[in-house]
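Student: Next comes target.json, JSON, C-alpha atoms:
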```json
[["chain", "number", "residue", "atom", "x", "y", "z"],
["D", 230, "MET", "CA", 0.00, 0.00, 0.00],
["D", 231, "SER", "CA", 1.35, 3.41, -0.90],
["D", 232, "LYS", "CA", 1.98, 5.97, 1.78],
["D", 233, "LEU", "CA", -0.61, 8.65, 2.57],
["D", 234, "HIS", "CA", -0.63, 11.79, 0.45],
["D", 235, "TRP", "CA", -2.15, 15.22, 0.97],
["D", 236, "GLU", "CA", -5.30, 14.05, -0.86],
["D", 237, "ASP", "CA", -5.91, 11.32, 1.74],
["D", 238, "PHE", "CA", -6.60, 13.75, 4.61],
["D", 239, "GLN", "CA", -10.17, 15.02, 4.94],
["D", 240, "THR", "CA", -11.19, 18.11, 6.88],
["D", 241, "GLY", "CA", -13.09, 17.07, 10.00],
["D", 242, "ALA", "CA", -11.57, 13.58, 10.17],
["D", 243, "VAL", "CA", -10.71, 12.42, 13.71],
["D", 244, "ALA", "CA", -8.34, 9.64, 14.78],
["D", 245, "VAL", "CA", -7.13, 8.53, 18.22],
["D", 246, "TYR", "CA", -3.68, 7.05, 18.91],
["D", 247, "GLY", "CA", -2.40, 5.20, 21.97],
["D", 248, "PRO", "CA", -2.87, 4.48, 24.82],
["D", 249, "ARG", "CA", 0.57, 4.93, 26.26],
["D", 250, "LEU", "CA", 1.48, 4.69, 29.95],
["D", 251, "VAL", "CA", 3.66, 7.58, 31.18],
["D", 252, "THR", "CA", 5.85, 6.48, 34.07],
["D", 253, "ARG", "CA", 7.43, 8.48, 36.86],
["D", 254, "GLU", "CA", 10.86, 7.28, 35.72],
["D", 255, "GLU", "CA", 10.49, 8.70, 32.22],
["D", 256, "ILE", "CA", 9.05, 11.99, 33.50],
["D", 257, "VAL", "CA", 12.08, 12.50, 35.75],
["D", 258, "ALA", "CA", 14.56, 11.30, 33.10],
["D", 259, "PHE", "CA", 13.13, 13.66, 30.47],
["D", 260, "ALA", "CA", 13.19, 16.60, 32.87],
["D", 261, "ALA", "CA", 16.75, 15.86, 34.00],
["D", 262, "GLU", "CA", 17.88, 15.96, 30.38],
["D", 263, "PHE", "CA", 15.84, 18.86, 28.95],
["D", 264, "ASP", "CA", 13.87, 20.78, 31.59],
["D", 265, "PRO", "CA", 15.47, 20.31, 35.03],
["D", 266, "GLN", "CA", 13.01, 22.32, 37.11],
["D", 267, "PRO", "CA", 12.10, 20.98, 40.60],
["D", 268, "MET", "CA", 8.40, 20.46, 39.78],
["D", 269, "HIS", "CA", 9.38, 17.87, 37.15],
["D", 270, "LEU", "CA", 12.13, 16.15, 39.15],
["D", 271, "ASP", "CA", 11.20, 15.64, 42.77],
["D", 272, "GLU", "CA", 7.88, 14.99, 44.56],
["D", 273, "THR", "CA", 8.76, 17.01, 47.67],
["D", 274, "ALA", "CA", 9.90, 20.05, 45.72],
["D", 275, "ALA", "CA", 6.98, 19.68, 43.31],
["D", 276, "SER", "CA", 4.38, 19.62, 46.09],
["D", 277, "ALA", "CA", 5.54, 23.11, 47.13],
["D", 278, "THR", "CA", 4.91, 24.51, 43.64],
["D", 279, "ILE", "CA", 1.73, 25.54, 41.87],
["D", 280, "LEU", "CA", 1.68, 22.10, 40.20],
["D", 281, "GLY", "CA", 0.97, 20.62, 43.65],
["D", 282, "GLY", "CA", 2.94, 17.46, 42.91],
["D", 283, "LEU", "CA", 5.20, 15.91, 40.34],
["D", 284, "GLY", "CA", 4.13, 16.68, 36.79],
["D", 285, "ALA", "CA", 5.78, 16.13, 33.42],
["D", 286, "SER", "CA", 7.49, 18.98, 31.61],
["D", 287, "GLY", "CA", 5.04, 20.45, 29.13],
["D", 288, "TRP", "CA", 7.71, 19.79, 26.51],
["D", 289, "HIS", "CA", 7.64, 16.14, 27.48],
["D", 290, "SER", "CA", 3.92, 16.08, 26.65],
["D", 291, "CYS", "CA", 4.77, 17.57, 23.25],
["D", 292, "CYS", "CA", 7.48, 14.98, 22.61],
["D", 293, "LEU", "CA", 5.23, 12.08, 23.64],
["D", 294, "LEU", "CA", 2.57, 13.47, 21.31],
["D", 295, "MET", "CA", 5.12, 13.70, 18.51],
["D", 296, "ARG", "CA", 6.22, 10.10, 18.98],
["D", 297, "MET", "CA", 2.62, 8.86, 19.11],
["D", 298, "ILE", "CA", 1.55, 10.66, 15.93],
["D", 299, "ALA", "CA", 4.75, 9.55, 14.17],
["D", 300, "GLU", "CA", 3.89, 5.92, 14.91],
["D", 301, "GLY", "CA", 0.17, 6.60, 14.45],
["D", 302, "PHE", "CA", 0.31, 7.94, 10.90],
["D", 303, "LEU", "CA", 3.23, 10.24, 10.01],
["D", 304, "LEU", "CA", 5.67, 7.40, 9.30],
["D", 305, "ASP", "CA", 3.07, 5.95, 6.91],
["D", 306, "SER", "CA", 2.68, 9.27, 5.12],
["D", 307, "ASN", "CA", 4.62, 11.41, 2.66],
["D", 308, "SER", "CA", 5.21, 14.07, 5.31],
["D", 309, "MET", "CA", 7.76, 16.78, 4.50],
["D", 310, "GLY", "CA", 7.86, 18.01, 8.08],
["D", 311, "ALA", "CA", 6.23, 21.06, 9.63],
["D", 312, "PRO", "CA", 7.26, 24.73, 9.33],
["D", 313, "GLY", "CA", 6.25, 25.37, 12.92],
["D", 314, "ILE", "CA", 3.59, 25.07, 15.62],
["D", 315, "ASP", "CA", 0.72, 27.57, 15.74],
["D", 316, "GLU", "CA", -0.04, 27.08, 19.42],
["D", 317, "VAL", "CA", 0.48, 24.77, 22.39],
["D", 318, "ARG", "CA", -1.57, 25.06, 25.57],
["D", 319, "TRP", "CA", -0.68, 23.14, 28.72],
["D", 320, "LEU", "CA", -4.12, 22.95, 30.35],
["D", 321, "LYS", "CA", -3.61, 20.31, 33.07],
["D", 322, "PRO", "CA", -0.53, 18.60, 34.55],
["D", 323, "LEU", "CA", 0.51, 15.21, 33.19],
["D", 324, "ARG", "CA", 0.98, 13.04, 36.28],
["D", 325, "PRO", "CA", 3.02, 9.84, 36.66],
["D", 326, "GLY", "CA", 1.02, 6.70, 35.90],
["D", 327, "THR", "CA", -1.37, 8.36, 33.44],
["D", 328, "GLN", "CA", -2.44, 6.44, 30.33],
["D", 329, "ILE", "CA", -2.50, 9.04, 27.58],
["D", 330, "ARG", "CA", -4.01, 9.01, 24.13],
["D", 331, "VAL", "CA", -3.70, 11.56, 21.34],
["D", 332, "ARG", "CA", -6.79, 12.71, 19.45],
["D", 333, "ALA", "CA", -5.97, 14.19, 16.04],
["D", 334, "THR", "CA", -8.51, 16.29, 14.13],
["D", 335, "VAL", "CA", -7.96, 17.66, 10.62],
["D", 336, "LEU", "CA", -8.93, 21.32, 10.92],
["D", 337, "ASP", "CA", -8.18, 22.46, 7.40],
["D", 338, "LYS", "CA", -6.14, 21.71, 4.29],
["D", 339, "ARG", "CA", -4.85, 23.84, 1.45],
["D", 340, "VAL", "CA", -2.48, 23.60, -1.48],
["D", 341, "SER", "CA", 0.83, 25.44, -1.43],
["D", 342, "SER", "CA", 0.86, 28.44, -3.74],
["D", 343, "SER", "CA", 4.65, 28.42, -4.06],
["D", 344, "ARG", "CA", 5.32, 24.66, -4.17],
["D", 345, "PRO", "CA", 2.85, 22.75, -6.37],
["D", 346, "GLU", "CA", 4.23, 19.37, -5.28],
["D", 347, "MET", "CA", 2.86, 19.76, -1.76],
["D", 348, "GLY", "CA", 0.01, 20.97, 0.38],
["D", 349, "PHE", "CA", -0.61, 21.79, 4.03],
["D", 350, "VAL", "CA", -2.78, 19.75, 6.41],
["D", 351, "LYS", "CA", -3.65, 21.62, 9.60],
["D", 352, "PHE", "CA", -4.19, 19.41, 12.64],
["D", 353, "GLN", "CA", -5.40, 19.98, 16.15],
["D", 354, "TYR", "CA", -3.92, 17.40, 18.51],
["D", 355, "GLU", "CA", -5.16, 16.81, 22.05],
["D", 356, "VAL", "CA", -3.37, 14.78, 24.71],
["D", 357, "ILE", "CA", -6.17, 13.17, 26.74],
["D", 358, "ASP", "CA", -6.16, 11.03, 29.89],
["D", 359, "GLU", "CA", -8.23, 7.99, 30.93],
["D", 360, "GLN", "CA", -11.20, 10.24, 31.83],
["D", 361, "ASP", "CA", -11.02, 12.06, 28.47],
["D", 362, "ALA", "CA", -9.74, 15.22, 30.19],
["D", 363, "VAL", "CA", -7.67, 17.31, 27.78],
["D", 364, "LEU", "CA", -4.18, 17.89, 29.22],
["D", 365, "THR", "CA", -2.45, 19.56, 26.26],
["D", 366, "THR", "CA", -3.58, 20.95, 22.91],
["D", 367, "LEU", "CA", -1.28, 21.51, 19.94],
["D", 368, "THR", "CA", -2.16, 23.07, 16.57],
["D", 369, "SER", "CA", 0.20, 22.65, 13.64],
["D", 370, "SER", "CA", 0.26, 22.30, 9.86],
["D", 371, "THR", "CA", 2.18, 19.46, 8.22],
["D", 372, "MET", "CA", 3.58, 19.70, 4.70],
["D", 373, "MET", "CA", 2.36, 16.69, 2.74],
["D", 374, "VAL", "CA", 3.33, 15.52, -0.76],
["D", 375, "ARG", "CA", 0.47, 15.69, -3.28],
["D", 376, "ARG", "CA", -0.36, 12.59, -5.29],
["D", 377, "GLU", "CA", -1.10, 14.81, -8.28],
["D", 378, "PRO", "CA", 1.31, 17.75, -8.12],
["D", 379, "GLY", "CA", -0.13, 21.03, -9.18],
["D", 380, "ALA", "CA", -3.66, 19.68, -9.61],
["D", 381, "VAL", "CA", -6.43, 21.90, -8.35],
["D", 382, "SER", "CA", -7.99, 20.44, -5.20],
["V", 348, "MET", "CA", 14.63, 35.19, 38.51],
["V", 349, "LYS", "CA", 14.06, 38.89, 39.04],
["V", 350, "PHE", "CA", 10.70, 39.91, 40.46],
["V", 351, "PHE", "CA", 7.94, 40.86, 38.06],
["V", 352, "GLU", "CA", 8.26, 44.56, 38.97],
["V", 353, "ASP", "CA", 11.97, 44.55, 38.08],
["V", 354, "ILE", "CA", 11.48, 43.21, 34.55],
["V", 355, "GLN", "CA", 11.06, 45.64, 31.63],
["V", 356, "VAL", "CA", 9.69, 45.12, 28.15],
["V", 357, "GLY", "CA", 12.80, 44.86, 25.95],
["V", 358, "ASP", "CA", 14.91, 43.03, 28.54],
["V", 359, "VAL", "CA", 17.09, 40.43, 26.83],
["V", 360, "PHE", "CA", 18.28, 37.14, 28.30],
["V", 361, "GLU", "CA", 21.23, 35.46, 26.55],
["V", 362, "TYR", "CA", 21.43, 31.72, 27.09],
["V", 363, "GLY", "CA", 24.44, 30.54, 25.10],
["V", 364, "ARG", "CA", 25.02, 28.02, 22.33],
["V", 365, "TYR", "CA", 24.30, 24.40, 21.49],
["V", 366, "THR", "CA", 26.07, 22.41, 18.77],
["V", 367, "PHE", "CA", 24.11, 19.78, 16.87],
["V", 368, "THR", "CA", 25.87, 16.61, 15.74],
["V", 369, "ALA", "CA", 24.68, 13.65, 13.67],
["V", 370, "GLU", "CA", 24.89, 11.63, 16.86],
["V", 371, "ASN", "CA", 22.78, 13.90, 19.10],
["V", 372, "ILE", "CA", 20.30, 14.59, 16.26],
["V", 373, "LYS", "CA", 19.66, 10.87, 15.78],
["V", 374, "ASN", "CA", 19.69, 10.11, 19.50],
["V", 375, "PHE", "CA", 16.94, 12.66, 20.08],
["V", 376, "ALA", "CA", 14.86, 11.71, 17.05],
["V", 377, "ILE", "CA", 14.94, 7.94, 17.65],
["V", 378, "ARG", "CA", 13.21, 8.59, 20.95],
["V", 379, "PHE", "CA", 10.75, 11.35, 20.09],
["V", 380, "ASP", "CA", 10.50, 12.10, 16.35],
["V", 381, "PRO", "CA", 11.60, 9.08, 14.30],
["V", 382, "GLN", "CA", 10.85, 10.51, 10.85],
["V", 383, "SER", "CA", 13.37, 9.22, 8.31],
["V", 384, "PHE", "CA", 15.04, 12.60, 7.64],
["V", 385, "HIS", "CA", 15.91, 12.84, 11.38],
["V", 386, "VAL", "CA", 17.23, 9.30, 11.92],
["V", 387, "ASP", "CA", 18.60, 7.89, 8.66],
["V", 388, "GLU", "CA", 21.34, 9.68, 6.67],
["V", 389, "ALA", "CA", 20.70, 7.77, 3.43],
["V", 390, "ALA", "CA", 16.94, 8.41, 3.50],
["V", 391, "ALA", "CA", 17.58, 12.04, 4.47],
["V", 392, "GLU", "CA", 19.83, 12.53, 1.42],
["V", 393, "ARG", "CA", 16.96, 11.42, -0.82],
["V", 394, "SER", "CA", 14.49, 13.74, 0.95],
["V", 395, "HIS", "CA", 13.78, 17.39, 0.14],
["V", 396, "PHE", "CA", 16.20, 18.34, 2.97],
["V", 397, "GLY", "CA", 19.15, 16.79, 1.09],
["V", 398, "GLY", "CA", 20.68, 15.44, 4.29],
["V", 399, "LEU", "CA", 20.12, 14.67, 7.94],
["V", 400, "VAL", "CA", 18.31, 17.47, 9.83],
["V", 401, "ALA", "CA", 17.47, 17.92, 13.50],
["V", 402, "SER", "CA", 13.91, 17.43, 14.72],
["V", 403, "GLY", "CA", 12.39, 20.84, 15.36],
["V", 404, "TRP", "CA", 11.58, 19.61, 18.86],
["V", 405, "HIS", "CA", 15.30, 19.05, 19.41],
["V", 406, "THR", "CA", 16.02, 22.62, 18.25],
["V", 407, "ALA", "CA", 13.43, 23.85, 20.77],
["V", 408, "LEU", "CA", 14.52, 21.65, 23.68],
["V", 409, "ALA", "CA", 18.15, 22.72, 23.35],
["V", 410, "TRP", "CA", 16.80, 26.24, 24.02],
["V", 411, "MET", "CA", 14.70, 25.05, 26.97],
["V", 412, "ARG", "CA", 17.66, 23.38, 28.66],
["V", 413, "LEU", "CA", 19.93, 26.40, 28.17],
["V", 414, "MET", "CA", 17.20, 28.72, 29.51],
["V", 415, "VAL", "CA", 16.62, 26.60, 32.63],
["V", 416, "ASP", "CA", 20.40, 26.47, 33.27],
["V", 417, "HIS", "CA", 20.65, 30.24, 32.79],
["V", 418, "ARG", "CA", 17.84, 30.88, 35.26],
["V", 419, "ARG", "CA", 19.48, 28.61, 37.81],
["V", 420, "ARG", "CA", 22.82, 30.45, 37.47],
["V", 421, "THR", "CA", 21.03, 33.80, 37.77],
["V", 422, "ASP", "CA", 19.21, 32.66, 40.92],
["V", 423, "GLU", "CA", 22.43, 31.37, 42.49],
["V", 424, "ALA", "CA", 24.17, 34.70, 41.80],
["V", 425, "MET", "CA", 21.26, 36.64, 43.34],
["V", 426, "ARG", "CA", 21.23, 34.43, 46.44],
["V", 427, "SER", "CA", 24.98, 34.82, 46.84],
["V", 428, "ARG", "CA", 24.44, 38.60, 46.94],
["V", 429, "GLY", "CA", 21.74, 38.12, 49.57],
["V", 430, "GLU", "CA", 18.94, 39.15, 47.18],
["V", 431, "PRO", "CA", 15.53, 37.48, 47.26],
["V", 432, "VAL", "CA", 14.73, 35.35, 44.22],
["V", 433, "ALA", "CA", 11.35, 35.38, 42.49],
["V", 434, "GLY", "CA", 9.57, 32.18, 41.57],
["V", 435, "ILE", "CA", 8.80, 31.54, 37.91],
["V", 436, "GLY", "CA", 6.34, 29.26, 36.17],
["V", 437, "PRO", "CA", 4.39, 27.37, 35.30],
["V", 438, "ALA", "CA", 4.24, 28.31, 31.64],
["V", 439, "LEU", "CA", 0.81, 28.31, 30.03],
["V", 440, "GLY", "CA", 2.12, 27.18, 26.67],
["V", 441, "PHE", "CA", 3.58, 28.85, 23.61],
["V", 442, "ARG", "CA", 2.54, 30.12, 20.19],
["V", 443, "GLU", "CA", 3.96, 31.14, 16.83],
["V", 444, "LEU", "CA", 6.74, 28.57, 16.99],
["V", 445, "LYS", "CA", 8.61, 28.69, 13.66],
["V", 446, "TRP", "CA", 11.46, 26.67, 12.24],
["V", 447, "PRO", "CA", 12.51, 29.00, 9.37],
["V", 448, "LYS", "CA", 15.51, 26.89, 8.29],
["V", 449, "PRO", "CA", 16.60, 23.30, 8.93],
["V", 450, "VAL", "CA", 19.36, 22.56, 11.46],
["V", 451, "TYR", "CA", 22.12, 20.29, 10.08],
["V", 452, "PRO", "CA", 24.91, 18.37, 11.84],
["V", 453, "GLY", "CA", 27.70, 20.78, 12.73],
["V", 454, "ASP", "CA", 25.38, 23.77, 13.18],
["V", 455, "THR", "CA", 25.84, 25.82, 16.35],
["V", 456, "VAL", "CA", 22.75, 27.70, 17.49],
["V", 457, "ASP", "CA", 22.84, 30.77, 19.74],
["V", 458, "TYR", "CA", 19.69, 31.24, 21.85],
["V", 459, "LYS", "CA", 18.19, 34.28, 23.55],
["V", 460, "SER", "CA", 14.84, 35.74, 24.66],
["V", 461, "GLU", "CA", 13.37, 39.23, 24.74],
["V", 462, "VAL", "CA", 10.48, 40.34, 26.94],
["V", 463, "VAL", "CA", 7.62, 41.60, 24.75],
["V", 464, "GLU", "CA", 4.72, 42.06, 27.19],
["V", 465, "LEU", "CA", 4.10, 42.30, 30.93],
["V", 466, "ARG", "CA", 0.67, 42.22, 32.54],
["V", 467, "LEU", "CA", -0.89, 41.43, 35.88],
["V", 468, "SER", "CA", -2.66, 38.13, 36.38],
["V", 469, "GLY", "CA", -6.40, 38.20, 37.06],
["V", 470, "SER", "CA", -6.36, 34.76, 38.62],
["V", 471, "ARG", "CA", -3.14, 34.93, 40.65],
["V", 472, "PRO", "CA", -2.59, 38.18, 42.58],
["V", 473, "HIS", "CA", 0.90, 37.11, 43.69],
["V", 474, "ALA", "CA", 2.17, 36.81, 40.11],
["V", 475, "GLY", "CA", 2.36, 38.67, 36.85],
["V", 476, "LEU", "CA", 2.42, 37.27, 33.34],
["V", 477, "MET", "CA", 5.59, 37.67, 31.29],
["V", 478, "THR", "CA", 5.43, 37.11, 27.55],
["V", 479, "PHE", "CA", 8.75, 36.72, 25.75],
["V", 480, "ARG", "CA", 9.97, 35.92, 22.27],
["V", 481, "SER", "CA", 12.80, 33.42, 22.07],
["V", 482, "THR", "CA", 15.05, 32.91, 19.08],
["V", 483, "GLY", "CA", 17.79, 30.60, 17.92],
["V", 484, "VAL", "CA", 20.28, 31.78, 15.27],
["V", 485, "ASN", "CA", 22.83, 29.54, 13.56],
["V", 486, "GLN", "CA", 26.52, 30.25, 12.97],
["V", 487, "ASN", "CA", 25.67, 32.03, 9.68],
["V", 488, "GLY", "CA", 23.30, 34.43, 11.41],
["V", 489, "GLU", "CA", 20.21, 32.67, 10.05],
["V", 490, "PRO", "CA", 17.20, 32.23, 12.36],
["V", 491, "VAL", "CA", 16.33, 28.55, 12.92],
["V", 492, "LEU", "CA", 13.86, 28.90, 15.81],
["V", 493, "SER", "CA", 11.38, 31.49, 17.02],
["V", 494, "LEU", "CA", 8.56, 31.18, 19.55],
["V", 495, "VAL", "CA", 6.47, 33.27, 21.92],
["V", 496, "SER", "CA", 5.87, 31.97, 25.46],
["V", 497, "THR", "CA", 3.95, 33.23, 28.47],
["V", 498, "THR", "CA", 4.78, 32.32, 32.06],
["V", 499, "PHE", "CA", 3.95, 33.44, 35.59],
["V", 500, "VAL", "CA", 6.59, 35.47, 37.47],
["V", 501, "GLU", "CA", 6.27, 36.20, 41.20],
["V", 502, "ARG", "CA", 5.52, 39.79, 42.26],
["V", 503, "ARG", "CA", 7.35, 41.60, 45.04],
["V", 504, "GLU", "CA", 4.23, 43.54, 45.98],
["V", 505, "LYS", "CA", 1.14, 41.42, 46.32],
["V", 506, "SER", "CA", -2.28, 42.79, 45.43],
["V", 507, "PRO", "CA", -4.75, 42.81, 48.32]]
```
As structure tokens, how would this structure be written, given the file I've shared?
Tutor:
Amino acid sequence: MSKLHWEDFQTGAVAVYGPRLVTREEIVAFAAEFDPQPMHLDETAASATILGGLGASGWHSCCLLMRMIAEGFLLDSNSMGAPGIDEVRWLKPLRPGTQIRVRATVLDKRVSSSRPEMGFVKFQYEVIDEQDAVLTTLTSSTMMVRREPGAVS
Amino acid sequence: MKFFEDIQVGDVFEYGRYTFTAENIKNFAIRFDPQSFHVDEAAAERSHFGGLVASGWHTALAWMRLMVDHRRRTDEAMRSRGEPVAGIGPALGFRELKWPKPVYPGDTVDYKSEVVELRLSGSRPHAGLMTFRSTGVNQNGEPVLSLVSTTFVERREKSP
């Protein structure tokens, strides 16, 4: 089966990836490497902060999301990467022992005016927990190869 | 961190540099962003990038680590002078993150932030909200990262 192209993404489509268990060990290891603030490293220090207990770095949530969507669909697509991220909101802490899923919604798609071989697919991603609470939202457009370059959508 | 009242719009924080290598690019991407152009040199040469490139998340997290280290050094220097240190965080998120150019092995990126907005918090009288734009520039002076973040910073004077 050929990999997904820009034409294969439909506005309004929703997919869910995961679940994935997030352990205390990986939260602390990620923070020690990339974001060594006390609230991500140590329960006692974290309980004295606004987080009220150990919580993952918000960037860790983003990286887990990235890995889950890579395995969920990006590695099976003709992705050309993303030029950036429109917005990330860290709404609730990601606690040790949480089973997360990622819900991906296609918000919009458009052809590229400067590069006829590709188009943009704009996604909203939500990291959700076992109770369907939304912990993190991320909005970003991915550049995707078109099956028929230059064709009008 | 300085207290909210002591920060001005236009203040610049310089964090230092990070050098990307094929090894650290692949080590990051295997764990968090295993797209072929981040993990496989041969596949990357056939891609539109023409060679291995760093995950954009790696470009951003190198900034995050340098910023956290810079804040810790600043706090230690303030404490050693007997000055009180303001709490910072949590961050609410970020927006307008852009990766204007790819980062290749051998690139050295210089990171800094500039304060762009300061406002009081409606929900937390003991803190203000600092919005800052952070940038990473490679050794040729080309921007490779830009983002706007907002975080709480403790106030010296608390509202009633």
Student: Env of segment 371-383 of chain V: 7 Å cut, atoms = all atoms listed in the file, seq-sep filter 2 positions within chain, self excluded. Answer as JSON, numbers by chain.
Tutor: {"D": [292, 293, 295, 296, 299, 304], "V": [367, 368, 369, 385, 386, 387, 390, 391, 401, 402, 405]}
Student: Using all atoms listed in the file, find which residues of chain D lie within 10 Å of chain V and jot them down as a count of residues only.
Tutor: 47
Student: Can you measure atom CA of Val350 of chain D to atom CA of Val245 of chain D for me? One decimal in Å is fine.
Tutor: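 Answer for the atom CA of Val350 of chain D to atom CA of Val245 of chain D separation: 16.9 Å.
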Student: Find, counting all atoms listed in the file, the residue in D:Leu270, D:Leu364, D:Val340, D:Ala258 that gets nearest to Glu236 of chain D.
Tutor: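 Selected residue with least distance to Glu236 of chain D: D:Val340.
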Student: Go through D:Arg324, D:Val363, D:Lys351, D:Ser290 one by one, measure the shortest atom-to-atom distance of each to Ala275 of chain D using all atoms listed in the file, and give the residue with the smallest value.
Tutor: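 Using all atoms listed in the file, the shortest distance to Ala275 of chain D belongs to D:Arg324.
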